[in-house]
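A.B. asks: Before I ask anything, here is the structure I am working with.
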Amino acid sequence: MPELKMQPQHLIYKKPSLIQAIKKDYKKNKWLILMALPVVAWYILFHYVPMYGVIIAFKQFSPIKGIWDSAWVGLRHFQDFFNSISAWRVIRNTLLINFYQLLFAFPAPIILALLLNEVKSKYFKKTIQTVTYLPHFVSTVVICGMIIDFFAKSGLINDIVAYFGGSRTIFLVEAGWFRTIYVGTGIWQGVGWGSIIYLASLTAIDTELYEAVTIDGAGRWKQFVHITLPGIAPTIVILLIMNIGHMMSEGYEKVILLYNPSTYETADIISSYVYRRGLVEANYSFSAAVGLFNSIVNLTLIVTANYVSRKVNETSLW
Amino acid sequence: MVVRKTVGDYVFDSLNVIILAALAVITAYPFIYVVFASLSSADELTAHSGLLLKPLNFSLEAYKAVLENPIIYSGYMNTLFIVVVGTTYNIIMTSMGAFVLSRKDFFWRKLITIMIVFTMFFGGGLIPNFLLVKNLGLMDSLWALIIPGAIGTWNLIIMRTAFQGIPSGLVESAHIDGANDFVILFRIILPLALPTIAVMVLYYGVGHWNSWFGAMIYLRDRELWPLQLVLREILISNSTDEMMSGTVAQDRAAIGETIKYATIMVATLPILLVYPFLQKYFVKGVMVGALKG
């Protein structure tokens with residue numbers, strides 16, 4: 001075999017030159033290189049070409065001229081964005097929605113996992129899990145369709161409100177209700193799925209620890225405080241840090257399905273604004289500029305979050 | 001060991017069961033309502049107010065109307081095509097990338113890893129991606145929903161981790177036996193990593209089934225629309241207009257309410273049917289996702 005001829009070079013510990021190493025690897029891993037090619041080509045085309053395309057944020061892009069020939073305008077689109085009333089509004093809305101999610105949606109799965117952990121009957125626990133995981137798999141369109149229907153003036157929620165003597169509200173045209181509905185239905189859809197990771201880290205806690213403190217006379221509350229909580233604390237901290245790292249990257253899908261001009265005041269977030277200005281109104285360059293600003297903020301936040309989680313836990317996601 | 005239960009324990013256990021049962025009801029009831037409403041007769045549902053505890057005057061009319069709708073039928077076919085072809089393509093591309101990154105003896109591994117991981121931190125964003133797909137001539141083609149999403153980088157990292165858990169001696173001995181890397185990946189590695197592959201099929205498959213945004217921005221021809229985009233039109237675009245107009249009678253009557261619910265059922269039933277069989281993979285799926293890459 002040809003490979004065997006190469007062996008002596010290794011044995012005399014001469015460091016092969018770069019070209020030699022490439023040649024040797026080519027001989028040995030021809031097929032692997034062939035396999036890597038479509039993957040690398042795909043990454044270049046669908047990730048690196050759009051990164052190059054981002055330069056339209058600094059140009060006045062015209063589809064006829066193309067990216068290269070469009071005129072440079074420097075930072076004008078960024079200035080336009082930050083001088084507009086929308087800038088403050090969409091940044092505030094993005095941060096507020098995320099803040100409410102951290103406050104309410106983040107602890108919810110932890111509480112659910114802790115409650116499930118105390119359940120004695122395996123059958124009951126399994127049933128609750130099956131039911132609460134389900135909404136995670138239902139499409140955003142269906143979930144939003146149901147939200148619109150249930151919160152309509154003649155919908156189920158208003159029927160219940162009216163039954164108890166309240167007056168009917170058209171929830172989805174009231175700006176004041178948007179965040180509550182958005183975050184609330186998010187919890188409804190995600191709490192079960194989110195609890196899986198905490199349940200897994202709960203089962204990883206050594207049962208001998210519980211036995212030991214029980215012998216020392218600790219009741220269930222003390223077991224919870226001294227064993228359970230410290231046991232899942234690292235998972236909580238990592239997920240919290242990662243969530244903070246994604247503060248500014250809220251997705252647009254659910255927002256653009258649920259909002260309408262009368263709720264823009266509280267509902268319009270950066271990503272939905274980029275979509276609307278860019279794809280609905282065809283302001284490609286302006287919208288790409290807003291998107292780039294958002295990407296840079298996200299990059300900074302995620303890198304910082306990862307750095308912090310590495311410091312705190314000596315673990316990181318990569 | 002005898003564990004003595006205190007009064008507090010009993011109170012807590014009962015409360016816990018009540019809270020969890022209530023959560024299950026709150027989670028499940030909206031879906032049950034949809035099922036009952038879809039099986040009700042249109043007139044009675046319109047007149048009804050409040051909770052539904054059974055179908056009102058059982059009727060399959062709404063399902064008949066939905067299944068006779070040609071746009072729903074073409075939507076189904078388009079979605080099936082995207083799910084089957086798209087997921088297959090996802091698995092082939094992702095596993096090839098993962099295999100390349102799992103091979104410690106590969107000279108280019110580090111460079112390719114850096115190139116791939118960087119895309120998790122920074123990307124061009126919505127507009128440049130849209131313009132790229134447009135320039136590639138993929139507008140009004142189902143391939144616009146398949147090719148640009150070929151690889152989820154996070155999934156690739158998960159798969160790479162799974163492949164790294166397979167003893168490298170296996171690959172080496174297959175090499176000595178004269179097998180090339182494609183044979184090794186698809187004949188030896190993939191069968192050994194089957195549980196992880198199942199999770200990937202689940203993630204990619206459900207993702208394709210549920211996606212609508214790409215279709216909305218890339219497909220203008222209604223014949224090409226996948227089910228979710230058809231659903232969006234029926235459930236959301238119409239009702240938003242009605243919501244603005246406001247009166248109770250109007251938004252009930254405009255589109256047959258029962259048809260809305262039947263459409264939801266028709267689009268969600270396949271997921272509900274495979275759901276119990278896939279459930280055993282969930283925990284594994286979430287856990288491999290949480291592992292350090």
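Ligands are numbered from 1 in the order shown, chains are lettered A, B, ... in the order of the structure tokens, and residues start at 1 in each chain.
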List as an NGL selection string the protein and nucleic acid residues near stretch 205-220 of chain A, meaning an atom at most 10 Å away when only C-alpha atoms are counted, but skip any in the same chain fewer than 5 places from it.

C.D. replies: (:A and (118 or 200 or 225-228 or 230-232)) or (:B and (1 or 3-6 or 8-9 or 12))

A.B. asks: Taking 6 positions as the minimum chain separation for residues in the same chain, which residues sit within 10 Å of stretch 265-270 of chain B when counting only C-alpha atoms? Answer as a list in words.

C.D. replies: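 Everything that qualifies: Phe137, Val138, Ser139 and Val142 of chain A; Phe31, Val34, Val35, Ser38, Tyr63, Val66, Leu67, Ile72, Gly75, Tyr76, Trp209, Asn210, Leu227, Gln228, Val230, Leu231 and Ile259 of chain B.
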
A.B. asks: Save the residues we just selected, C-alpha atoms, as a PDB file, in the first residue's frame?

C.D. replies:
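Writing done, so here's part08.pdb:
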ATOM      1  CA  PHE A 137     -44.575  20.445  18.095  1.00  0.00           C
ATOM      2  CA  VAL A 138     -47.591  22.349  16.859  1.00  0.00           C
ATOM      3  CA  SER A 139     -46.733  24.915  14.186  1.00  0.00           C
ATOM      4  CA  VAL A 142     -51.653  26.947  14.087  1.00  0.00           C
TER       5      VAL A 142
ATOM      6  CA  PHE B  31     -56.777  21.435  21.386  1.00  0.00           C
ATOM      7  CA  VAL B  34     -60.600  22.638  18.361  1.00  0.00           C
ATOM      8  CA  VAL B  35     -61.424  18.940  17.912  1.00  0.00           C
ATOM      9  CA  SER B  38     -64.360  21.006  14.039  1.00  0.00           C
ATOM     10  CA  TYR B  63     -63.986  18.148   6.974  1.00  0.00           C
ATOM     11  CA  VAL B  66     -61.756  21.210   3.724  1.00  0.00           C
ATOM     12  CA  LEU B  67     -60.810  18.038   1.868  1.00  0.00           C
ATOM     13  CA  ILE B  72     -55.523  22.339   0.748  1.00  0.00           C
ATOM     14  CA  GLY B  75     -50.715  22.296   0.015  1.00  0.00           C
ATOM     15  CA  TYR B  76     -50.580  18.798   1.430  1.00  0.00           C
ATOM     16  CA  TRP B 209     -43.747  20.455   8.265  1.00  0.00           C
ATOM     17  CA  ASN B 210     -44.283  23.557  10.391  1.00  0.00           C
ATOM     18  CA  LEU B 227     -49.951  23.619   3.953  1.00  0.00           C
ATOM     19  CA  GLN B 228     -48.828  26.080   6.631  1.00  0.00           C
ATOM     20  CA  VAL B 230     -52.489  28.011   3.180  1.00  0.00           C
ATOM     21  CA  LEU B 231     -53.356  27.785   6.856  1.00  0.00           C
ATOM     22  CA  ILE B 259     -63.908  25.071   8.553  1.00  0.00           C
TER      23      ILE B 259
END

A.B. asks: When you count only C-alpha atoms, which of these residues is closest to A:Arg310: A:Val280, A:Ala267, A:Ile143, A:Met242?

C.D. replies: A:Met242

A.B. asks: Let me make sure I understand: among B:Met77, B:Val85, B:Leu229, B:Ile189, which one has the smallest atom-to-atom distance to chain A if we use only C-alpha atoms?

C.D. replies: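 Distance minimum relative to chain A lands on B:Leu229.
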
A.B. asks: Figure out the distance between atom CA of A:Ala305 and atom CA of A:Ser249, please, to one decimal in Å.

C.D. replies: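 Taking atom CA of A:Ser249 as the start and atom CA of A:Ala305 as the end point, the length is 13.5 Å.
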
A.B. asks: What lies within 7 Å of stretch 46-55 of chain B using only C-alpha atoms, ignoring chain neighbours under 2 positions off, as a compact mmCIF listing (two decimals) with C-alpha atoms, in the first residue's frame?

C.D. replies:
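Final output, part_14.txt:
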# COMPACT_ATOMS: atom_id res chain seq x y z
CA LEU A 156 -63.57 31.61 24.20
CA ASP A 159 -67.02 34.25 26.49
CA ILE A 160 -65.51 33.40 29.88
CA TYR B 33 -61.92 22.58 21.93
CA PHE B 36 -64.99 19.40 19.23
CA ALA B 37 -65.56 22.59 17.27
CA LEU B 39 -66.90 18.21 14.51
CA SER B 40 -69.79 20.55 15.29
CA ALA B 42 -71.68 25.36 11.80
CA ASP B 43 -74.94 27.01 12.86
CA GLU B 44 -74.92 25.66 16.39
CA ASN B 57 -74.77 18.23 16.77
CA PHE B 58 -71.96 16.03 15.41
CA ARG B 252 -68.08 34.55 13.41
